[in-house]
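Peer 1: Sharing structure_39.cif here; it has mmCIF, C-alpha atoms and all ligand atoms; chains and numbers go by the auth columns.
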data_model
loop_
_atom_site.group_PDB
_atom_site.id
_atom_site.type_symbol
_atom_site.label_atom_id
_atom_site.label_comp_id
_atom_site.label_asym_id
_atom_site.label_seq_id
_atom_site.Cartn_x
_atom_site.Cartn_y
_atom_site.Cartn_z
_atom_site.B_iso_or_equiv
_atom_site.auth_seq_id
_atom_site.auth_asym_id
ATOM 1 C CA MET A 1 -62.239 5.546 121.878 0.00 47 A
ATOM 2 C CA LYS A 2 -65.243 7.862 122.206 0.00 48 A
ATOM 3 C CA ASN A 3 -67.035 5.327 124.460 0.00 49 A
ATOM 4 C CA ALA A 4 -64.095 4.684 126.798 0.00 50 A
ATOM 5 C CA PRO A 5 -65.145 7.025 129.672 0.00 51 A
ATOM 6 C CA ALA A 6 -68.679 5.516 129.831 0.00 52 A
ATOM 7 C CA LEU A 7 -67.245 1.992 129.997 0.00 53 A
ATOM 8 C CA LYS A 8 -64.938 3.035 132.832 0.00 54 A
ATOM 9 C CA LEU A 9 -67.925 4.402 134.796 0.00 55 A
ATOM 10 C CA VAL A 10 -69.795 1.089 134.466 0.00 56 A
ATOM 11 C CA GLU A 11 -66.710 -0.788 135.676 0.00 57 A
ATOM 12 C CA LEU A 12 -66.436 1.509 138.698 0.00 58 A
ATOM 13 C CA LEU A 13 -70.102 1.125 139.606 0.00 59 A
ATOM 14 C CA GLU A 14 -69.678 -2.634 139.633 0.00 60 A
ATOM 15 C CA ILE A 15 -66.884 -2.603 142.202 0.00 61 A
ATOM 16 C CA ASP A 16 -68.151 -4.001 145.482 0.00 62 A
ATOM 17 C CA PRO A 17 -67.039 -1.716 148.368 0.00 63 A
ATOM 18 C CA HIS A 18 -66.314 -4.671 150.699 0.00 64 A
ATOM 19 C CA ALA A 19 -64.178 -6.467 148.119 0.00 65 A
ATOM 20 C CA PHE A 20 -62.452 -3.145 147.422 0.00 66 A
ATOM 21 C CA ARG A 21 -61.657 -2.683 151.125 0.00 67 A
ATOM 22 C CA ASN A 22 -60.346 -6.260 151.290 0.00 68 A
ATOM 23 C CA VAL A 23 -57.990 -5.754 148.360 0.00 69 A
ATOM 24 C CA LEU A 24 -56.633 -2.559 149.951 0.00 70 A
ATOM 25 C CA GLU A 25 -55.721 -4.606 153.043 0.00 71 A
ATOM 26 C CA ASN A 26 -52.869 -6.128 151.018 0.00 72 A
ATOM 27 C CA PHE A 27 -51.073 -2.866 151.679 0.00 73 A
ATOM 28 C CA PRO A 28 -49.740 -2.879 155.281 0.00 74 A
ATOM 29 C CA THR A 29 -50.145 0.377 157.198 0.00 75 A
ATOM 30 C CA GLY A 30 -49.501 1.785 160.639 0.00 76 A
ATOM 31 C CA VAL A 31 -52.428 2.751 162.863 0.00 77 A
ATOM 32 C CA THR A 32 -53.054 6.290 164.103 0.00 78 A
ATOM 33 C CA ILE A 33 -55.568 8.097 166.265 0.00 79 A
ATOM 34 C CA VAL A 34 -56.212 11.542 164.822 0.00 80 A
ATOM 35 C CA THR A 35 -57.541 14.018 167.389 0.00 81 A
ATOM 36 C CA ALA A 36 -58.795 17.602 167.549 0.00 82 A
ATOM 37 C CA ALA A 37 -60.588 19.902 169.986 0.00 83 A
ATOM 38 C CA VAL A 38 -62.924 22.864 169.727 0.00 84 A
ATOM 39 C CA GLY A 39 -63.869 24.478 173.036 0.00 85 A
ATOM 40 C CA THR A 40 -64.577 21.659 175.491 0.00 86 A
ATOM 41 C CA ARG A 41 -65.392 19.080 172.747 0.00 87 A
ATOM 42 C CA LYS A 42 -62.593 16.601 172.007 0.00 88 A
ATOM 43 C CA VAL A 43 -62.683 14.046 169.200 0.00 89 A
ATOM 44 C CA GLY A 44 -60.448 11.151 168.193 0.00 90 A
ATOM 45 C CA VAL A 45 -60.720 8.704 165.295 0.00 91 A
ATOM 46 C CA THR A 46 -58.681 5.551 164.675 0.00 92 A
ATOM 47 C CA ALA A 47 -57.349 5.974 161.137 0.00 93 A
ATOM 48 C CA ASN A 48 -55.022 4.005 158.884 0.00 94 A
ATOM 49 C CA SER A 49 -55.436 6.377 155.928 0.00 95 A
ATOM 50 C CA PHE A 50 -52.593 8.526 157.271 0.00 96 A
ATOM 51 C CA SER A 51 -49.854 9.247 154.733 0.00 97 A
ATOM 52 C CA SER A 52 -46.878 11.539 154.229 0.00 98 A
ATOM 53 C CA VAL A 53 -47.339 14.067 151.407 0.00 99 A
ATOM 54 C CA SER A 54 -44.505 16.620 151.270 0.00 100 A
ATOM 55 C CA LEU A 55 -41.211 17.190 153.112 0.00 101 A
ATOM 56 C CA SER A 56 -40.904 20.902 152.408 0.00 102 A
ATOM 57 C CA PRO A 57 -43.321 22.245 153.453 0.00 103 A
ATOM 58 C CA PRO A 58 -43.961 19.302 155.842 0.00 104 A
ATOM 59 C CA LEU A 59 -47.406 18.040 154.819 0.00 105 A
ATOM 60 C CA ILE A 60 -49.334 14.906 155.762 0.00 106 A
ATOM 61 C CA SER A 61 -52.816 13.676 154.899 0.00 107 A
ATOM 62 C CA TRP A 62 -55.527 11.383 156.190 0.00 108 A
ATOM 63 C CA SER A 63 -59.118 10.851 155.125 0.00 109 A
ATOM 64 C CA ILE A 64 -62.267 10.889 157.197 0.00 110 A
ATOM 65 C CA ASP A 65 -65.546 9.145 156.435 0.00 111 A
ATOM 66 C CA LYS A 66 -68.275 11.747 155.782 0.00 112 A
ATOM 67 C CA ARG A 67 -70.526 9.814 158.199 0.00 113 A
ATOM 68 C CA SER A 68 -68.122 10.276 161.119 0.00 114 A
ATOM 69 C CA SER A 69 -69.720 12.279 163.939 0.00 115 A
ATOM 70 C CA SER A 70 -66.242 13.662 164.702 0.00 116 A
ATOM 71 C CA TYR A 71 -66.006 15.443 161.339 0.00 117 A
ATOM 72 C CA GLU A 72 -67.812 18.552 162.578 0.00 118 A
ATOM 73 C CA VAL A 73 -64.962 19.205 165.042 0.00 119 A
ATOM 74 C CA PHE A 74 -62.173 18.417 162.531 0.00 120 A
ATOM 75 C CA ASN A 75 -63.871 20.847 160.129 0.00 121 A
ATOM 76 C CA LYS A 76 -63.886 23.672 162.703 0.00 122 A
ATOM 77 C CA ALA A 77 -60.563 23.052 164.475 0.00 123 A
ATOM 78 C CA SER A 78 -57.506 25.098 163.474 0.00 124 A
ATOM 79 C CA HIS A 79 -55.194 22.160 164.360 0.00 125 A
ATOM 80 C CA PHE A 80 -55.234 18.394 164.747 0.00 126 A
ATOM 81 C CA ALA A 81 -52.802 15.783 166.071 0.00 127 A
ATOM 82 C CA VAL A 82 -51.797 12.431 164.585 0.00 128 A
ATOM 83 C CA ASN A 83 -50.892 9.899 167.280 0.00 129 A
ATOM 84 C CA ILE A 84 -48.966 7.018 165.670 0.00 130 A
ATOM 85 C CA LEU A 85 -49.748 4.016 167.847 0.00 131 A
ATOM 86 C CA ALA A 86 -47.148 1.737 169.452 0.00 132 A
ATOM 87 C CA ALA A 87 -47.282 -2.062 169.090 0.00 133 A
ATOM 88 C CA ASP A 88 -48.948 -2.519 172.512 0.00 134 A
ATOM 89 C CA GLN A 89 -51.771 -0.010 171.868 0.00 135 A
ATOM 90 C CA SER A 90 -54.264 -2.165 169.952 0.00 136 A
ATOM 91 C CA ASN A 91 -56.825 -1.644 172.784 0.00 137 A
ATOM 92 C CA LEU A 92 -56.625 2.121 172.299 0.00 138 A
ATOM 93 C CA SER A 93 -57.068 1.585 168.566 0.00 139 A
ATOM 94 C CA GLY A 94 -60.291 -0.337 169.308 0.00 140 A
ATOM 95 C CA GLN A 95 -61.560 2.286 171.748 0.00 141 A
ATOM 96 C CA PHE A 96 -61.270 5.055 169.126 0.00 142 A
ATOM 97 C CA ALA A 97 -62.671 2.964 166.267 0.00 143 A
ATOM 98 C CA ARG A 98 -66.209 2.889 167.705 0.00 144 A
ATOM 99 C CA HIS A 99 -68.552 5.820 168.165 0.00 145 A
ATOM 100 C CA SER A 100 -68.937 6.762 171.821 0.00 146 A
ATOM 101 C CA GLU A 101 -69.862 9.951 173.682 0.00 147 A
ATOM 102 C CA ASP A 102 -66.630 9.835 175.680 0.00 148 A
ATOM 103 C CA LYS A 103 -63.865 7.994 173.865 0.00 149 A
ATOM 104 C CA PHE A 104 -61.319 9.732 176.113 0.00 150 A
ATOM 105 C CA ALA A 105 -62.666 8.248 179.380 0.00 151 A
ATOM 106 C CA SER A 106 -59.703 6.980 181.450 0.00 152 A
ATOM 107 C CA VAL A 107 -57.247 7.594 178.599 0.00 153 A
ATOM 108 C CA GLU A 108 -54.201 9.554 179.734 0.00 154 A
ATOM 109 C CA HIS A 109 -53.517 12.475 177.397 0.00 155 A
ATOM 110 C CA THR A 110 -52.013 15.932 177.186 0.00 156 A
ATOM 111 C CA HIS A 111 -52.839 18.725 174.730 0.00 157 A
ATOM 112 C CA GLY A 112 -50.842 19.892 171.724 0.00 158 A
ATOM 113 C CA ALA A 113 -51.293 22.746 169.240 0.00 159 A
ATOM 114 C CA GLY A 114 -54.907 23.975 169.180 0.00 160 A
ATOM 115 C CA GLY A 115 -55.710 21.757 172.192 0.00 161 A
ATOM 116 C CA ALA A 116 -55.588 18.510 170.161 0.00 162 A
ATOM 117 C CA PRO A 117 -55.258 15.507 172.528 0.00 163 A
ATOM 118 C CA ILE A 118 -51.900 13.693 172.545 0.00 164 A
ATOM 119 C CA PHE A 119 -51.266 10.213 173.947 0.00 165 A
ATOM 120 C CA PRO A 120 -47.894 10.141 175.711 0.00 166 A
ATOM 121 C CA GLU A 121 -47.299 6.384 175.260 0.00 167 A
ATOM 122 C CA CYS A 122 -47.648 6.367 171.462 0.00 168 A
ATOM 123 C CA SER A 123 -44.793 5.665 169.035 0.00 169 A
ATOM 124 C CA ALA A 124 -44.737 9.236 167.707 0.00 170 A
ATOM 125 C CA HIS A 125 -47.076 12.163 167.354 0.00 171 A
ATOM 126 C CA LEU A 126 -47.413 15.007 164.863 0.00 172 A
ATOM 127 C CA GLU A 127 -49.102 18.319 165.647 0.00 173 A
ATOM 128 C CA CYS A 128 -50.635 19.834 162.515 0.00 174 A
ATOM 129 C CA GLU A 129 -52.235 23.038 161.361 0.00 175 A
ATOM 130 C CA LEU A 130 -55.186 22.456 159.016 0.00 176 A
ATOM 131 C CA PHE A 131 -53.785 23.097 155.514 0.00 177 A
ATOM 132 C CA SER A 132 -56.717 22.155 153.263 0.00 178 A
ATOM 133 C CA GLN A 133 -59.556 19.718 152.713 0.00 179 A
ATOM 134 C CA ILE A 134 -60.556 17.885 149.552 0.00 180 A
ATOM 135 C CA ASP A 135 -63.999 16.432 148.916 0.00 181 A
ATOM 136 C CA ALA A 136 -63.289 12.864 147.736 0.00 182 A
ATOM 137 C CA GLY A 137 -66.172 10.412 147.288 0.00 183 A
ATOM 138 C CA ASP A 138 -67.506 9.247 150.657 0.00 184 A
ATOM 139 C CA HIS A 139 -64.494 10.765 152.488 0.00 185 A
ATOM 140 C CA TYR A 140 -62.846 14.146 152.940 0.00 186 A
ATOM 141 C CA ILE A 141 -59.075 14.165 152.511 0.00 187 A
ATOM 142 C CA ILE A 142 -57.599 16.354 155.237 0.00 188 A
ATOM 143 C CA LEU A 143 -54.158 17.862 154.669 0.00 189 A
ATOM 144 C CA GLY A 144 -52.142 19.133 157.620 0.00 190 A
ATOM 145 C CA LYS A 145 -48.972 21.187 157.891 0.00 191 A
ATOM 146 C CA VAL A 146 -46.781 19.713 160.636 0.00 192 A
ATOM 147 C CA VAL A 147 -45.836 22.363 163.222 0.00 193 A
ATOM 148 C CA ALA A 148 -44.269 20.046 165.845 0.00 194 A
ATOM 149 C CA PHE A 149 -43.575 16.355 166.354 0.00 195 A
ATOM 150 C CA THR A 150 -42.149 13.911 168.912 0.00 196 A
ATOM 151 C CA ASP A 151 -40.556 10.576 168.032 0.00 197 A
ATOM 152 C CA HIS A 152 -40.615 8.119 170.962 0.00 198 A
ATOM 153 C CA ASP A 153 -38.766 5.532 168.870 0.00 199 A
ATOM 154 C CA THR A 154 -40.881 2.529 169.955 0.00 200 A
ATOM 155 C CA THR A 155 -42.091 -0.342 167.731 0.00 201 A
ATOM 156 C CA PRO A 156 -45.225 0.870 165.920 0.00 202 A
ATOM 157 C CA LEU A 157 -48.502 -1.004 165.575 0.00 203 A
ATOM 158 C CA VAL A 158 -48.835 -2.559 162.115 0.00 204 A
ATOM 159 C CA LEU A 159 -52.038 -3.451 160.308 0.00 205 A
ATOM 160 C CA LEU A 160 -51.825 -6.153 157.652 0.00 206 A
ATOM 161 C CA ARG A 161 -55.008 -7.834 156.446 0.00 207 A
ATOM 162 C CA SER A 162 -56.789 -6.784 159.671 0.00 208 A
ATOM 163 C CA LEU A 163 -53.996 -8.348 161.692 0.00 209 A
ATOM 164 C CA GLN A 164 -52.393 -5.908 164.096 0.00 210 A
ATOM 165 C CA ASN A 165 -48.817 -6.001 165.421 0.00 211 A
ATOM 166 C CA TRP A 166 -48.423 -9.776 165.753 0.00 212 A
ATOM 167 C CA VAL A 167 -46.372 -10.208 162.597 0.00 213 A
ATOM 168 C CA THR A 168 -43.620 -7.924 163.885 0.00 214 A
ATOM 169 C CA ASN A 169 -43.669 -9.520 167.314 0.00 215 A
ATOM 170 C CA HIS A 170 -43.613 -13.052 165.946 0.00 216 A
ATOM 171 C CA TRP A 171 -40.484 -12.437 163.947 0.00 217 A
ATOM 172 C CA ARG A 172 -38.756 -10.849 166.918 0.00 218 A
ATOM 173 C CA PHE A 173 -39.612 -13.816 169.193 0.00 219 A
ATOM 174 C CA ALA A 174 -38.864 -16.531 166.636 0.00 220 A
ATOM 175 C CA HIS A 175 -35.423 -15.219 165.829 0.00 221 A
ATOM 176 C CA ARG A 176 -34.429 -14.697 169.453 0.00 222 A
ATOM 177 C CA GLY A 177 -34.796 -18.324 170.604 0.00 223 A
ATOM 178 C CA GLY A 178 -34.482 -21.763 168.999 0.00 224 A
ATOM 179 C CA GLY A 179 -36.169 -25.195 169.248 0.00 225 A
ATOM 180 C CA HIS A 180 -39.019 -25.394 171.792 0.00 226 A
ATOM 181 C CA ARG A 181 -38.997 -21.692 172.414 0.00 227 A
ATOM 182 C CA SER A 182 -39.649 -20.900 168.754 0.00 228 A
ATOM 183 C CA THR A 183 -42.442 -23.500 168.628 0.00 229 A
ATOM 184 C CA ALA A 184 -44.056 -22.060 171.765 0.00 230 A
ATOM 185 C CA ASN A 185 -43.824 -18.583 170.327 0.00 231 A
ATOM 186 C CA LEU A 186 -45.317 -19.748 167.046 0.00 232 A
ATOM 187 C CA ASP A 187 -48.277 -21.201 168.985 0.00 233 A
ATOM 188 C CA ARG A 188 -48.622 -17.926 170.853 0.00 234 A
ATOM 189 C CA PHE A 189 -48.465 -16.036 167.570 0.00 235 A
ATOM 190 C CA LEU A 190 -51.191 -18.164 165.992 0.00 236 A
ATOM 191 C CA ASP A 191 -53.370 -17.813 169.082 0.00 237 A
ATOM 192 C CA CYS A 192 -52.899 -14.031 169.137 0.00 238 A
ATOM 193 C CA ARG A 193 -53.537 -13.834 165.422 0.00 239 A
ATOM 194 C CA SER A 194 -56.912 -15.545 165.657 0.00 240 A
ATOM 195 C CA LYS A 195 -57.893 -13.297 168.602 0.00 241 A
ATOM 196 C CA ALA A 196 -56.900 -10.210 166.603 0.00 242 A
ATOM 197 C CA MET A 197 -58.872 -11.397 163.574 0.00 243 A
ATOM 198 C CA ARG A 198 -61.980 -11.959 165.720 0.00 244 A
ATOM 199 C CA GLN A 199 -61.638 -8.533 167.322 0.00 245 A
ATOM 200 C CA PHE A 200 -61.325 -6.804 163.961 0.00 246 A
ATOM 201 C CA LYS A 201 -64.285 -8.632 162.438 0.00 247 A
ATOM 202 C CA HIS A 202 -66.304 -7.387 165.447 0.00 248 A
ATOM 203 C CA TRP A 203 -65.176 -3.742 164.956 0.00 249 A
ATOM 204 C CA TYR A 204 -66.098 -3.716 161.302 0.00 250 A
HETATM 205 C C1 LIG B . -57.849 -0.027 161.788 0.00 301 B
HETATM 206 C C2 LIG B . -58.904 1.010 161.519 0.00 301 B
HETATM 207 C C3 LIG B . -58.634 2.049 160.628 0.00 301 B
HETATM 208 C C4 LIG B . -59.594 3.029 160.376 0.00 301 B
HETATM 209 N N1 LIG B . -59.284 4.041 159.515 0.00 301 B
HETATM 210 C C5 LIG B . -60.171 5.033 159.299 0.00 301 B
HETATM 211 C C6 LIG B . -59.827 6.143 158.461 0.00 301 B
HETATM 212 O O1 LIG B . -58.734 6.236 157.918 0.00 301 B
HETATM 213 N N2 LIG B . -60.769 7.125 158.307 0.00 301 B
HETATM 214 C C7 LIG B . -61.999 7.069 158.916 0.00 301 B
HETATM 215 O O2 LIG B . -62.806 7.987 158.739 0.00 301 B
HETATM 216 N N3 LIG B . -62.349 6.025 159.709 0.00 301 B
HETATM 217 C C8 LIG B . -61.463 5.020 159.929 0.00 301 B
HETATM 218 N N4 LIG B . -61.784 3.978 160.766 0.00 301 B
HETATM 219 C C9 LIG B . -63.120 3.989 161.415 0.00 301 B
HETATM 220 C C10 LIG B . -63.216 5.101 162.487 0.00 301 B
HETATM 221 O O3 LIG B . -62.238 4.936 163.493 0.00 301 B
HETATM 222 C C11 LIG B . -64.623 5.120 163.098 0.00 301 B
HETATM 223 O O4 LIG B . -65.547 5.191 162.076 0.00 301 B
HETATM 224 C C12 LIG B . -64.827 6.325 163.992 0.00 301 B
HETATM 225 O O5 LIG B . -64.039 6.229 165.156 0.00 301 B
HETATM 226 C C13 LIG B . -66.315 6.446 164.332 0.00 301 B
HETATM 227 O O6 LIG B . -66.483 7.312 165.411 0.00 301 B
HETATM 228 P P1 LIG B . -67.185 8.749 165.303 0.00 301 B
HETATM 229 O O7 LIG B . -68.470 8.601 164.565 0.00 301 B
HETATM 230 O O8 LIG B . -67.351 9.120 166.740 0.00 301 B
HETATM 231 O O9 LIG B . -66.250 9.670 164.580 0.00 301 B
HETATM 232 C C14 LIG B . -60.854 2.984 161.018 0.00 301 B
HETATM 233 C C15 LIG B . -61.134 1.925 161.916 0.00 301 B
HETATM 234 C C16 LIG B . -60.175 0.967 162.164 0.00 301 B
HETATM 235 C C17 LIG B . -60.472 -0.148 163.135 0.00 301 B
#
Any chance you could put this one into structure tokens?
Ligand SMILES: Cc1cc2nc3c(=O)[nH]c(=O)nc-3n(C[C@H](O)[C@H](O)[C@H](O)COP(=O)(O)O)c2cc1C
Peer 2:
Amino acid sequence: MKNAPALKLVELLEIDPHAFRNVLENFPTGVTIVTAAVGTRKVGVTANSFSSVSLSPPLISWSIDKRSSSYEVFNKASHFAVNILAADQSNLSGQFARHSEDKFASVEHTHGAGGAPIFPECSAHLECELFSQIDAGDHYIILGKVVAFTDHDTTPLVLLRSLQNWVTNHWRFAHRGGGHRSTANLDRFLDCRSKAMRQFKHWY
């Protein structure tokens, strides 16, 4: 029993980070873009680590990679916004998943609490006050207290094994029509799926 903690440490050190990320992909998530602003500097990061934490008070969390150049702004900003992406916003997800000096170029947005950018076409957005931060391995967990939200009630983007949105759409199409139509939609689904897989491999 005395040796148990040391054994656990060895097991942890042997876990390959890529295999670990792959196993986590068995858990389907939505896709968000978390944004913040300080002065004239705006940042936005595609994030699927978003999670609900508490209903009363209304708390949510997400985690940010310590290497992210956007962290400096999230660390200083009094507020941030979580934009929950709609099924047709996979391009936006890609745009905010890569480092760039101006991720917001030609992206329509307004400003919420603390000036955090909000995308009007998303499925829903939450405006949050920074509640606390936790140092956690190679990420910081950021907790936010929700001060306002808007629910646009549109189909959200879904990420399952690096495969965005197509699963939901396939089932909608397949159950609407029969015969040839279902077959055509299945072909379209498979085609879209391979494109999505290629795109995601490129982003990572
Ligand atoms: C689907 C998806 C989910 C992601 N989730 C997160 C996340 O939860 N936290 C994070 O820090 N980065 C996440 N990333 C990567 C960031 O979006 C990316 O590192 C960031 O935009 C880099 O830009 P920056 O250095 O300008 O901040 C995710 C990327 C993708 C494609």
Peer 1: I'd like the interatomic distance between atom CA of Val80 of chain A and atom CA of Pro104 of chain A, to a tenth of an Å.
Peer 2: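 About the pair atom CA of Val80 of chain A and atom CA of Pro104 of chain A: they are 17.1 Å apart.
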Peer 1: Taking the file as shown, find all residues satisfying the PyMOL selection byres (((not hetatm)) within 10 of (chain B and resi 301)) and write them as an MDAnalysis selection string.
Peer 2: chainID A and resid 75:80 89:97 107:120 136 139:149 184:187 204:210 245:250
Peer 1: Export, as a PDB file, keeping the file's coordinate frame, the selected residues with C-alpha atoms.
Peer 2:
ATOM      1  CA  THR A  75     -50.145   0.377 157.198  1.00  0.00           C
ATOM      2  CA  GLY A  76     -49.501   1.785 160.639  1.00  0.00           C
ATOM      3  CA  VAL A  77     -52.428   2.751 162.863  1.00  0.00           C
ATOM      4  CA  THR A  78     -53.054   6.290 164.103  1.00  0.00           C
ATOM      5  CA  ILE A  79     -55.568   8.097 166.265  1.00  0.00           C
ATOM      6  CA  VAL A  80     -56.212  11.542 164.822  1.00  0.00           C
ATOM      7  CA  VAL A  89     -62.683  14.046 169.200  1.00  0.00           C
ATOM      8  CA  GLY A  90     -60.448  11.151 168.193  1.00  0.00           C
ATOM      9  CA  VAL A  91     -60.720   8.704 165.295  1.00  0.00           C
ATOM     10  CA  THR A  92     -58.681   5.551 164.675  1.00  0.00           C
ATOM     11  CA  ALA A  93     -57.349   5.974 161.137  1.00  0.00           C
ATOM     12  CA  ASN A  94     -55.022   4.005 158.884  1.00  0.00           C
ATOM     13  CA  SER A  95     -55.436   6.377 155.928  1.00  0.00           C
ATOM     14  CA  PHE A  96     -52.593   8.526 157.271  1.00  0.00           C
ATOM     15  CA  SER A  97     -49.854   9.247 154.733  1.00  0.00           C
ATOM     16  CA  SER A 107     -52.816  13.676 154.899  1.00  0.00           C
ATOM     17  CA  TRP A 108     -55.527  11.383 156.190  1.00  0.00           C
ATOM     18  CA  SER A 109     -59.118  10.851 155.125  1.00  0.00           C
ATOM     19  CA  ILE A 110     -62.267  10.889 157.197  1.00  0.00           C
ATOM     20  CA  ASP A 111     -65.546   9.145 156.435  1.00  0.00           C
ATOM     21  CA  LYS A 112     -68.275  11.747 155.782  1.00  0.00           C
ATOM     22  CA  ARG A 113     -70.526   9.814 158.199  1.00  0.00           C
ATOM     23  CA  SER A 114     -68.122  10.276 161.119  1.00  0.00           C
ATOM     24  CA  SER A 115     -69.720  12.279 163.939  1.00  0.00           C
ATOM     25  CA  SER A 116     -66.242  13.662 164.702  1.00  0.00           C
ATOM     26  CA  TYR A 117     -66.006  15.443 161.339  1.00  0.00           C
ATOM     27  CA  GLU A 118     -67.812  18.552 162.578  1.00  0.00           C
ATOM     28  CA  VAL A 119     -64.962  19.205 165.042  1.00  0.00           C
ATOM     29  CA  PHE A 120     -62.173  18.417 162.531  1.00  0.00           C
ATOM     30  CA  SER A 136     -54.264  -2.165 169.952  1.00  0.00           C
ATOM     31  CA  SER A 139     -57.068   1.585 168.566  1.00  0.00           C
ATOM     32  CA  GLY A 140     -60.291  -0.337 169.308  1.00  0.00           C
ATOM     33  CA  GLN A 141     -61.560   2.286 171.748  1.00  0.00           C
ATOM     34  CA  PHE A 142     -61.270   5.055 169.126  1.00  0.00           C
ATOM     35  CA  ALA A 143     -62.671   2.964 166.267  1.00  0.00           C
ATOM     36  CA  ARG A 144     -66.209   2.889 167.705  1.00  0.00           C
ATOM     37  CA  HIS A 145     -68.552   5.820 168.165  1.00  0.00           C
ATOM     38  CA  SER A 146     -68.937   6.762 171.821  1.00  0.00           C
ATOM     39  CA  GLU A 147     -69.862   9.951 173.682  1.00  0.00           C
ATOM     40  CA  ASP A 148     -66.630   9.835 175.680  1.00  0.00           C
ATOM     41  CA  LYS A 149     -63.865   7.994 173.865  1.00  0.00           C
ATOM     42  CA  ASP A 184     -67.506   9.247 150.657  1.00  0.00           C
ATOM     43  CA  HIS A 185     -64.494  10.765 152.488  1.00  0.00           C
ATOM     44  CA  TYR A 186     -62.846  14.146 152.940  1.00  0.00           C
ATOM     45  CA  ILE A 187     -59.075  14.165 152.511  1.00  0.00           C
ATOM     46  CA  VAL A 204     -48.835  -2.559 162.115  1.00  0.00           C
ATOM     47  CA  LEU A 205     -52.038  -3.451 160.308  1.00  0.00           C
ATOM     48  CA  LEU A 206     -51.825  -6.153 157.652  1.00  0.00           C
ATOM     49  CA  ARG A 207     -55.008  -7.834 156.446  1.00  0.00           C
ATOM     50  CA  SER A 208     -56.789  -6.784 159.671  1.00  0.00           C
ATOM     51  CA  LEU A 209     -53.996  -8.348 161.692  1.00  0.00           C
ATOM     52  CA  GLN A 210     -52.393  -5.908 164.096  1.00  0.00           C
ATOM     53  CA  GLN A 245     -61.638  -8.533 167.322  1.00  0.00           C
ATOM     54  CA  PHE A 246     -61.325  -6.804 163.961  1.00  0.00           C
ATOM     55  CA  LYS A 247     -64.285  -8.632 162.438  1.00  0.00           C
ATOM     56  CA  HIS A 248     -66.304  -7.387 165.447  1.00  0.00           C
ATOM     57  CA  TRP A 249     -65.176  -3.742 164.956  1.00  0.00           C
ATOM     58  CA  TYR A 250     -66.098  -3.716 161.302  1.00  0.00           C
TER      59      TYR A 250
END
Peer 1: Atom CA of Ala159 of chain A to atom CA of His125 of chain A: how many Å, to one decimal?
Peer 2: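 Value for the atom CA of Ala159 of chain A-atom CA of His125 of chain A distance: 6.3 Å.
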Peer 1: State, in Å with one decimal place, the distance from atom CA of Pro163 of chain A to atom CA of Ala182 of chain A.
Peer 2: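 Going from atom CA of Pro163 of chain A over to atom CA of Ala182 of chain A covers 26.2 Å.
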Peer 1: So which one's closest to Leu176 of chain A, A:Thr156, A:Ser124, A:Asn137, A:Thr200? Using all atoms listed in the file, please.
Peer 2: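 Distance minimum relative to Leu176 of chain A lands on A:Ser124.
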Peer 1: Report, as JSON, the axis-aligned box around all atoms of segment 134-152 of chain A present in the file, extended by 8 Å on each side; give centre and edge lengths in Å to one decimal place.
Peer 2:
{"center_x": -59.4, "center_y": 3.7, "center_z": 173.9, "size_x": 36.9, "size_y": 28.5, "size_z": 31.2}
Peer 1: Hey, what comes out of the PyMOL selection byres (((chain A and resi 157) around 10) and not hetatm) on this file? Could you write it as a ChimeraX atom specification?
Peer 2: /A:81-83,127,155-156,158-166,173
